[in-house]
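Q: Structure supplied as run_33.cif; contents: mmCIF, C-alpha atoms.
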data_my_file
loop_
_atom_site.label_atom_id
_atom_site.label_comp_id
_atom_site.auth_asym_id
_atom_site.auth_seq_id
_atom_site.Cartn_x
_atom_site.Cartn_y
_atom_site.Cartn_z
CA MET A 1 112.87 97.77 100.47
CA LYS A 2 113.70 94.12 99.91
CA ASN A 3 115.16 93.12 96.58
CA ASP A 4 112.74 90.20 96.15
CA LYS A 5 111.09 90.20 92.74
CA LEU A 6 107.41 91.11 92.74
CA LYS A 7 105.59 88.96 90.22
CA MET A 8 102.91 90.85 88.36
CA THR A 9 100.93 90.71 85.21
CA LYS A 10 101.44 93.44 82.63
CA GLU A 11 98.24 95.04 83.97
CA GLY A 12 99.60 94.97 87.53
CA TYR A 13 102.84 96.55 86.32
CA GLU A 14 100.93 99.28 84.49
CA GLU A 15 98.92 99.91 87.67
CA GLN A 16 102.19 100.49 89.53
CA LEU A 17 103.36 102.92 86.82
CA SER A 18 100.06 104.78 87.18
CA ILE A 19 100.59 105.05 90.94
CA LEU A 20 104.05 106.53 90.29
CA GLU A 21 102.61 108.97 87.76
CA ASN A 22 99.95 110.10 90.25
CA LEU A 23 102.57 110.60 92.97
CA CYS A 24 104.72 112.68 90.60
CA GLN A 25 101.66 114.78 89.68
CA LYS A 26 100.92 115.40 93.38
CA PHE A 27 104.57 116.35 93.88
CA GLN A 28 104.38 118.93 91.07
CA GLU A 29 101.11 120.34 92.42
CA ASN A 30 102.68 120.59 95.87
CA GLU A 31 105.70 122.46 94.42
CA GLN A 32 103.34 124.97 92.83
CA ALA A 33 101.49 125.40 96.12
CA MET A 34 104.81 125.90 97.93
CA THR A 35 105.76 128.63 95.45
CA ARG A 36 102.42 130.39 96.03
CA ALA A 37 102.75 130.05 99.81
CA TYR A 38 106.28 131.46 99.68
CA LYS A 39 105.26 134.42 97.52
CA ASN A 40 102.18 135.18 99.65
CA SER A 41 104.07 135.20 102.93
CA SER A 42 105.51 138.23 104.63
CA GLY A 43 109.19 138.62 105.40
CA ASP A 44 111.64 136.13 103.86
CA GLY A 45 108.87 133.72 102.84
CA ALA A 46 109.84 130.53 104.63
CA HIS A 47 110.22 131.34 108.33
CA ASP A 48 107.09 131.46 110.45
CA ASN A 49 104.93 130.35 107.53
CA ALA A 50 102.76 127.44 108.68
CA GLU A 51 101.34 126.76 105.21
CA PHE A 52 104.81 126.61 103.67
CA GLU A 53 106.10 124.34 106.47
CA GLU A 54 103.14 121.98 106.01
CA LEU A 55 103.73 121.83 102.25
CA LEU A 56 107.43 121.22 102.84
CA GLY A 57 106.56 118.23 105.04
CA LEU A 58 104.20 116.94 102.35
CA GLU A 59 106.98 117.32 99.77
CA ARG A 60 109.30 115.14 101.88
CA ARG A 61 106.62 112.45 102.28
CA LEU A 62 105.81 112.48 98.56
CA ALA A 63 109.50 112.28 97.63
CA LYS A 64 109.88 109.23 99.88
CA GLN A 65 106.77 107.59 98.37
CA ILE A 66 108.06 108.30 94.85
CA ASN A 67 111.44 106.75 95.64
CA ASN A 68 109.78 103.69 97.21
CA GLN A 69 107.50 103.30 94.19
CA LYS A 70 110.44 103.56 91.78
CA GLU A 71 112.28 100.88 93.77
CA LYS A 72 109.19 98.66 93.71
CA ILE A 73 108.87 99.08 89.93
CA LYS A 74 112.54 98.16 89.45
CA ASN A 75 111.86 94.87 91.28
CA ILE A 76 108.81 93.83 89.27
CA GLU A 77 108.98 90.68 87.19
CA ILE A 78 106.26 90.67 84.55
CA ILE A 79 104.75 87.22 84.20
CA ASP A 80 102.74 85.76 81.37
CA ILE A 81 99.42 84.20 82.35
CA GLU A 82 99.42 81.86 79.34
CA LEU A 83 102.49 79.86 80.46
CA LEU A 84 100.73 77.38 82.78
CA ASP A 85 98.86 74.18 82.05
CA GLU A 86 95.08 74.47 82.64
CA GLU A 87 95.20 72.01 85.56
CA LEU A 88 97.46 74.34 87.55
CA ILE A 89 96.24 77.39 89.46
CA ASN A 90 97.18 80.51 87.54
CA ILE A 91 96.68 84.25 87.79
CA GLY A 92 93.11 85.11 86.95
CA ASP A 93 91.78 81.78 88.25
CA THR A 94 89.03 81.79 90.82
CA VAL A 95 89.34 78.85 93.19
CA ARG A 96 87.54 77.42 96.16
CA ILE A 97 89.91 76.55 98.96
CA ASN A 98 89.55 75.04 102.39
CA MET A 99 91.54 77.05 104.95
CA ILE A 100 92.56 74.73 107.79
CA PHE A 101 93.55 76.75 110.85
CA SER A 102 93.31 73.73 113.20
CA GLU A 103 91.47 70.39 113.31
CA ASP A 104 88.31 72.08 114.56
CA ASP A 105 88.67 75.39 112.71
CA THR A 106 88.27 75.37 108.93
CA GLU A 107 86.76 77.78 106.46
CA VAL A 108 85.90 77.30 102.79
CA MET A 109 86.38 80.43 100.73
CA GLN A 110 86.40 81.47 97.10
CA ILE A 111 89.19 83.73 95.89
CA MET A 112 90.68 85.01 92.66
CA LEU A 113 94.47 84.93 92.24
CA VAL A 114 95.65 88.28 90.86
CA GLY A 115 98.96 89.60 89.58
CA THR A 116 99.30 92.71 91.70
CA ASP A 117 101.50 93.98 94.50
CA GLY A 118 100.36 91.91 97.47
CA LYS A 119 97.32 93.75 98.66
CA ILE A 120 94.43 91.47 99.51
CA ASN A 121 90.74 92.13 99.71
CA GLU A 122 87.95 89.72 100.56
CA ASN A 123 87.74 88.17 97.08
CA LYS A 124 91.18 88.72 95.55
CA VAL A 125 94.57 87.44 96.64
CA SER A 126 97.87 88.59 95.17
CA ILE A 127 100.38 86.15 93.79
CA ASN A 128 102.90 87.94 96.06
CA SER A 129 100.99 87.29 99.30
CA PRO A 130 101.72 84.21 101.43
CA LEU A 131 98.38 82.65 100.45
CA GLY A 132 98.91 83.52 96.78
CA LYS A 133 102.35 81.89 96.82
CA ALA A 134 100.84 78.78 98.43
CA ILE A 135 98.25 78.26 95.68
CA TYR A 136 100.05 79.55 92.56
CA LYS A 137 101.01 76.70 90.20
CA GLN A 138 99.35 74.09 92.47
CA LYS A 139 96.97 71.39 91.26
CA ILE A 140 93.37 71.00 92.31
CA GLY A 141 93.31 68.76 95.37
CA ALA A 142 96.76 69.87 96.52
CA LEU A 143 97.38 70.42 100.21
CA ASN A 144 99.84 73.19 101.00
CA SER A 145 100.61 75.60 103.82
CA TYR A 146 101.90 79.05 104.60
CA SER A 147 102.75 80.96 107.77
CA VAL A 148 101.44 84.21 109.14
CA ASN A 149 102.77 85.57 112.45
CA ASN A 150 104.36 82.18 113.22
CA ASN A 151 100.99 80.43 112.72
CA LYS A 152 100.97 77.69 110.10
CA ILE A 153 97.80 77.62 108.01
CA PHE A 154 97.06 74.65 105.78
CA ILE A 155 95.06 75.00 102.60
CA GLU A 156 93.40 72.46 100.37
CA ILE A 157 92.59 73.54 96.83
CA LEU A 158 89.08 72.22 96.20
CA GLU A 159 88.27 73.37 92.67
CA LYS A 160 88.67 75.99 89.98
CA VAL A 161 85.42 77.88 89.75
CA ASN A 162 86.05 79.60 86.43
CA LEU A 163 87.73 76.83 84.42
CA GLU A 164 84.78 76.41 82.03
CA GLU A 165 84.43 80.17 81.56
CA LYS A 166 88.14 80.49 80.63
CA VAL A 167 87.92 77.65 78.11
CA ASN A 168 84.83 79.20 76.50
CA ALA A 169 86.47 82.64 76.38
CA LYS A 170 89.58 81.23 74.65
CA SER A 171 87.50 79.44 72.00
CA LYS A 172 85.64 82.64 71.00
#
How does this structure look as structure tokens?

A:
Amino acid sequence: MKNDKLKMTKEGYEEQLSILENLCQKFQENEQAMTRAYKNSSGDGAHDNAEFEELLGLERRLAKQINNQKEKIKNIEIIDIELLDEELINIGDTVRINMIFSEDDTEVMQIMLVGTDGKINENKVSINSPLGKAIYKQKIGALNSYSVNNNKIFIEILEKVNLEEKVNAKSK
């Protein structure tokens, strides 16, 4: 795994800890199942025992996932959402952007910038993704770009959609 810092909110960090906890729980459950499979087998317990062999393979995969998750957690940098000026795009902001793929190919979309590990869905973009990095800390009206598979995509930040809602929430 790369040693680049993953920027996340405290909530994103806690989500990663929860993933690790779930993996460790699955590992323990698998160990218990392996013990049962070993005891229930005939002969020496391990040889010619398909259930045991399958559980052993699962144990190896879970151990690798646990190690990868621990490495990811070590590389997390927790960021504070409150550090940026309101005119800059921050985690938690929903923005409308114009994606410019070419002169004739543009698409306006609305996304929320989130402080998680890089996974994107149709409405949320991680601060760690190429698009998230291109809009984080940018001003409304800014034109920026990022690359995906050697294709340069330009973006124009049109507006913050939730600016008024954030101001009202802070004043309550």

Q: Hey, what's within 7 Å of range 122-128 of chain A if we count all atoms listed in the file and toss same-chain stuff fewer than 4 positions away? As number ranges by chain, please?

A: A: 6-7, 110-118, 132-133, 136

Q: Return the single residue from A:Gly57, A:Gly141, A:Pro130, A:Gly92 that is closest to Glu31 in chain A, with distances computed using all atoms listed in the file.

A: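 With all atoms listed in the file as the atom set, the closest residue is A:Gly57.
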
Q: Compare A:Glu29, A:Glu86, A:Glu15, A:Asp80 by their minimum atom-to-atom distance to Ile140 in chain A, counting all atoms listed in the file, and give me the closest one.

A: A:Glu86

Q: Tell me, in Å to one decimal, how far CA of Leu17 in chain A is from CA of Lys72 in chain A.

A: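 Those two atoms sit 10.0 Å apart.
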
Q: Which residue out of A:Ile89, A:Leu20, A:Met109, A:Ile97 has the minimum interatomic distance to Lys137 in chain A when all atoms listed in the file are used?

A: A:Ile89

Q: Within 12 Å of Thr35 in chain A, counting only C-alpha atoms, which residues show up once you throw out same-chain ones fewer than 6 positions away? Write them as a count of residues only, please.

A: 10

Q: Written as number ranges by chain, which residues does the PyMOL selection byres ((chain A and resi 27) around 10) give for the file shown?

A: A: 21-26, 28-33, 58-63, 66

Q: For Gln16 in chain A, which residue out of A:Val108, A:Ile153, A:Ala37, A:Ile76 is the nearest one, using all atoms listed in the file?

A: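 Closest candidate: A:Ile76.
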
Q: Taking into account all atoms listed in the file, which residue in the set A:Glu159, A:Thr94, A:Ala134, A:Met8 is nearest to Ser147 in chain A?

A: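 Of A:Glu159, A:Thr94, A:Ala134, A:Met8, the one nearest Ser147 in chain A is A:Ala134, counting all atoms listed in the file.
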
Q: Ranking A:Ile155, A:Asn49, A:Ile73, A:Tyr13 by minimum distance to Arg36 in chain A and counting all atoms listed in the file, which one comes first?

A: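 Result for the nearest residue to Arg36 in chain A: A:Asn49.
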
Q: What's the separation between CA of Ser145 in chain A and CA of Ile79 in chain A, in Å to one decimal place?

A: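 Separation of CA of Ser145 in chain A and CA of Ile79 in chain A: 23.2 Å.
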
Q: Could you extract range 16-147 of chain A of the given structure into a file holding C-alpha atoms, as a PDB file, in the first residue's frame?

A:
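part.pdb, written as the output of this step:
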ATOM      1  CA  GLN A  16     -12.338   2.640   9.043  1.00  0.00           C
ATOM      2  CA  LEU A  17     -11.878   1.459  12.648  1.00  0.00           C
ATOM      3  CA  SER A  18     -15.318  -0.173  12.462  1.00  0.00           C
ATOM      4  CA  ILE A  19     -14.317  -1.979   9.261  1.00  0.00           C
ATOM      5  CA  LEU A  20     -11.204  -3.290  11.039  1.00  0.00           C
ATOM      6  CA  GLU A  21     -13.277  -4.394  14.025  1.00  0.00           C
ATOM      7  CA  ASN A  22     -15.697  -6.263  11.735  1.00  0.00           C
ATOM      8  CA  LEU A  23     -12.821  -7.991   9.937  1.00  0.00           C
ATOM      9  CA  CYS A  24     -11.306  -9.069  13.271  1.00  0.00           C
ATOM     10  CA  GLN A  25     -14.703 -10.414  14.382  1.00  0.00           C
ATOM     11  CA  LYS A  26     -15.004 -12.429  11.151  1.00  0.00           C
ATOM     12  CA  PHE A  27     -11.476 -13.737  11.711  1.00  0.00           C
ATOM     13  CA  GLN A  28     -12.387 -14.933  15.219  1.00  0.00           C
ATOM     14  CA  GLU A  29     -15.595 -16.551  13.969  1.00  0.00           C
ATOM     15  CA  ASN A  30     -13.613 -18.283  11.227  1.00  0.00           C
ATOM     16  CA  GLU A  31     -11.096 -19.594  13.799  1.00  0.00           C
ATOM     17  CA  GLN A  32     -13.952 -21.089  15.805  1.00  0.00           C
ATOM     18  CA  ALA A  33     -15.378 -22.693  12.665  1.00  0.00           C
ATOM     19  CA  MET A  34     -11.937 -24.094  11.816  1.00  0.00           C
ATOM     20  CA  THR A  35     -11.696 -25.641  15.285  1.00  0.00           C
ATOM     21  CA  ARG A  36     -15.127 -27.267  14.859  1.00  0.00           C
ATOM     22  CA  ALA A  37     -14.239 -28.514  11.362  1.00  0.00           C
ATOM     23  CA  TYR A  38     -10.978 -29.967  12.659  1.00  0.00           C
ATOM     24  CA  LYS A  39     -12.664 -31.727  15.581  1.00  0.00           C
ATOM     25  CA  ASN A  40     -15.493 -33.093  13.403  1.00  0.00           C
ATOM     26  CA  SER A  41     -13.188 -34.563  10.783  1.00  0.00           C
ATOM     27  CA  SER A  42     -11.937 -38.099  10.683  1.00  0.00           C
ATOM     28  CA  GLY A  43      -8.270 -39.005  10.797  1.00  0.00           C
ATOM     29  CA  ASP A  44      -5.749 -36.272  11.655  1.00  0.00           C
ATOM     30  CA  GLY A  45      -8.298 -33.483  11.144  1.00  0.00           C
ATOM     31  CA  ALA A  46      -6.684 -31.359   8.454  1.00  0.00           C
ATOM     32  CA  HIS A  47      -5.913 -33.632   5.491  1.00  0.00           C
ATOM     33  CA  ASP A  48      -8.707 -34.397   3.067  1.00  0.00           C
ATOM     34  CA  ASN A  49     -11.082 -32.054   4.887  1.00  0.00           C
ATOM     35  CA  ALA A  50     -12.679 -29.726   2.336  1.00  0.00           C
ATOM     36  CA  GLU A  51     -14.461 -27.607   4.949  1.00  0.00           C
ATOM     37  CA  PHE A  52     -11.242 -27.076   6.899  1.00  0.00           C
ATOM     38  CA  GLU A  53      -9.301 -26.219   3.712  1.00  0.00           C
ATOM     39  CA  GLU A  54     -11.960 -23.696   2.684  1.00  0.00           C
ATOM     40  CA  LEU A  55     -11.877 -22.074   6.129  1.00  0.00           C
ATOM     41  CA  LEU A  56      -8.082 -21.992   6.014  1.00  0.00           C
ATOM     42  CA  GLY A  57      -8.241 -20.105   2.708  1.00  0.00           C
ATOM     43  CA  LEU A  58     -10.760 -17.679   4.220  1.00  0.00           C
ATOM     44  CA  GLU A  59      -8.430 -17.161   7.192  1.00  0.00           C
ATOM     45  CA  ARG A  60      -5.584 -16.182   4.857  1.00  0.00           C
ATOM     46  CA  ARG A  61      -7.805 -13.716   2.967  1.00  0.00           C
ATOM     47  CA  LEU A  62      -9.120 -12.177   6.197  1.00  0.00           C
ATOM     48  CA  ALA A  63      -5.588 -11.861   7.610  1.00  0.00           C
ATOM     49  CA  LYS A  64      -4.513 -10.015   4.458  1.00  0.00           C
ATOM     50  CA  GLN A  65      -7.560  -7.707   4.631  1.00  0.00           C
ATOM     51  CA  ILE A  66      -6.867  -7.010   8.325  1.00  0.00           C
ATOM     52  CA  ASN A  67      -3.238  -6.137   7.604  1.00  0.00           C
ATOM     53  CA  ASN A  68      -4.251  -3.874   4.697  1.00  0.00           C
ATOM     54  CA  GLN A  69      -6.861  -2.150   6.868  1.00  0.00           C
ATOM     55  CA  LYS A  70      -4.329  -1.604   9.670  1.00  0.00           C
ATOM     56  CA  GLU A  71      -1.902  -0.080   7.161  1.00  0.00           C
ATOM     57  CA  LYS A  72      -4.659   2.172   5.799  1.00  0.00           C
ATOM     58  CA  ILE A  73      -5.546   3.336   9.320  1.00  0.00           C
ATOM     59  CA  LYS A  74      -1.882   4.139  10.050  1.00  0.00           C
ATOM     60  CA  ASN A  75      -1.870   6.432   6.989  1.00  0.00           C
ATOM     61  CA  ILE A  76      -5.011   8.392   7.863  1.00  0.00           C
ATOM     62  CA  GLU A  77      -4.714  12.098   8.542  1.00  0.00           C
ATOM     63  CA  ILE A  78      -7.750  13.353  10.444  1.00  0.00           C
ATOM     64  CA  ILE A  79      -8.827  16.739   9.150  1.00  0.00           C
ATOM     65  CA  ASP A  80     -10.999  19.353  10.779  1.00  0.00           C
ATOM     66  CA  ILE A  81     -13.919  20.589   8.701  1.00  0.00           C
ATOM     67  CA  GLU A  82     -14.024  23.939  10.506  1.00  0.00           C
ATOM     68  CA  LEU A  83     -10.601  25.116   9.266  1.00  0.00           C
ATOM     69  CA  LEU A  84     -11.685  26.554   5.884  1.00  0.00           C
ATOM     70  CA  ASP A  85     -13.205  29.884   4.970  1.00  0.00           C
ATOM     71  CA  GLU A  86     -16.868  29.624   3.875  1.00  0.00           C
ATOM     72  CA  GLU A  87     -16.036  30.672   0.298  1.00  0.00           C
ATOM     73  CA  LEU A  88     -13.846  27.601  -0.187  1.00  0.00           C
ATOM     74  CA  ILE A  89     -15.184  24.121  -0.945  1.00  0.00           C
ATOM     75  CA  ASN A  90     -14.922  21.992   2.174  1.00  0.00           C
ATOM     76  CA  ILE A  91     -15.868  18.518   3.319  1.00  0.00           C
ATOM     77  CA  GLY A  92     -19.599  18.304   3.771  1.00  0.00           C
ATOM     78  CA  ASP A  93     -20.296  20.896   1.072  1.00  0.00           C
ATOM     79  CA  THR A  94     -22.652  20.022  -1.740  1.00  0.00           C
ATOM     80  CA  VAL A  95     -21.638  21.728  -4.971  1.00  0.00           C
ATOM     81  CA  ARG A  96     -22.814  21.943  -8.534  1.00  0.00           C
ATOM     82  CA  ILE A  97     -19.983  21.446 -10.979  1.00  0.00           C
ATOM     83  CA  ASN A  98     -19.671  21.448 -14.733  1.00  0.00           C
ATOM     84  CA  MET A  99     -17.630  18.458 -15.910  1.00  0.00           C
ATOM     85  CA  ILE A 100     -15.939  19.355 -19.200  1.00  0.00           C
ATOM     86  CA  PHE A 101     -14.815  16.205 -21.007  1.00  0.00           C
ATOM     87  CA  SER A 102     -14.334  18.017 -24.347  1.00  0.00           C
ATOM     88  CA  GLU A 103     -15.689  21.140 -26.068  1.00  0.00           C
ATOM     89  CA  ASP A 104     -18.837  19.297 -27.104  1.00  0.00           C
ATOM     90  CA  ASP A 105     -19.174  17.002 -24.084  1.00  0.00           C
ATOM     91  CA  THR A 106     -20.081  18.585 -20.738  1.00  0.00           C
ATOM     92  CA  GLU A 107     -22.213  17.481 -17.835  1.00  0.00           C
ATOM     93  CA  VAL A 108     -23.503  19.463 -14.858  1.00  0.00           C
ATOM     94  CA  MET A 109     -23.717  17.423 -11.696  1.00  0.00           C
ATOM     95  CA  GLN A 110     -24.333  17.941  -8.006  1.00  0.00           C
ATOM     96  CA  ILE A 111     -22.051  16.188  -5.541  1.00  0.00           C
ATOM     97  CA  MET A 112     -21.200  16.234  -1.859  1.00  0.00           C
ATOM     98  CA  LEU A 113     -17.524  16.233  -0.838  1.00  0.00           C
ATOM     99  CA  VAL A 114     -16.993  13.663   1.927  1.00  0.00           C
ATOM    100  CA  GLY A 115     -14.083  12.764   4.185  1.00  0.00           C
ATOM    101  CA  THR A 116     -13.872   9.044   3.536  1.00  0.00           C
ATOM    102  CA  ASP A 117     -11.487   6.612   1.893  1.00  0.00           C
ATOM    103  CA  GLY A 118     -11.937   7.364  -1.796  1.00  0.00           C
ATOM    104  CA  LYS A 119     -15.000   5.404  -2.696  1.00  0.00           C
ATOM    105  CA  ILE A 120     -17.415   7.326  -4.867  1.00  0.00           C
ATOM    106  CA  ASN A 121     -21.103   6.879  -5.441  1.00  0.00           C
ATOM    107  CA  GLU A 122     -23.407   8.909  -7.645  1.00  0.00           C
ATOM    108  CA  ASN A 123     -23.890  11.753  -5.142  1.00  0.00           C
ATOM    109  CA  LYS A 124     -20.795  11.645  -2.933  1.00  0.00           C
ATOM    110  CA  VAL A 125     -17.149  12.151  -3.816  1.00  0.00           C
ATOM    111  CA  SER A 126     -14.262  11.484  -1.453  1.00  0.00           C
ATOM    112  CA  ILE A 127     -11.662  14.113  -0.716  1.00  0.00           C
ATOM    113  CA  ASN A 128      -9.109  11.398  -1.618  1.00  0.00           C
ATOM    114  CA  SER A 129     -10.461  10.797  -5.135  1.00  0.00           C
ATOM    115  CA  PRO A 130      -9.049  12.691  -8.132  1.00  0.00           C
ATOM    116  CA  LEU A 131     -12.265  14.729  -8.450  1.00  0.00           C
ATOM    117  CA  GLY A 132     -12.356  15.392  -4.699  1.00  0.00           C
ATOM    118  CA  LYS A 133      -8.758  16.638  -4.754  1.00  0.00           C
ATOM    119  CA  ALA A 134      -9.613  18.916  -7.695  1.00  0.00           C
ATOM    120  CA  ILE A 135     -12.470  20.673  -5.873  1.00  0.00           C
ATOM    121  CA  TYR A 136     -11.299  20.647  -2.231  1.00  0.00           C
ATOM    122  CA  LYS A 137     -10.308  24.145  -1.041  1.00  0.00           C
ATOM    123  CA  GLN A 138     -11.281  25.705  -4.396  1.00  0.00           C
ATOM    124  CA  LYS A 139     -13.434  28.817  -4.776  1.00  0.00           C
ATOM    125  CA  ILE A 140     -16.773  28.975  -6.520  1.00  0.00           C
ATOM    126  CA  GLY A 141     -16.120  29.785 -10.169  1.00  0.00           C
ATOM    127  CA  ALA A 142     -12.725  28.083 -10.162  1.00  0.00           C
ATOM    128  CA  LEU A 143     -11.684  26.046 -13.177  1.00  0.00           C
ATOM    129  CA  ASN A 144      -9.523  23.042 -12.367  1.00  0.00           C
ATOM    130  CA  SER A 145      -8.687  19.647 -13.847  1.00  0.00           C
ATOM    131  CA  TYR A 146      -7.772  16.099 -12.977  1.00  0.00           C
ATOM    132  CA  SER A 147      -6.751  13.021 -14.951  1.00  0.00           C
TER     133      SER A 147
END
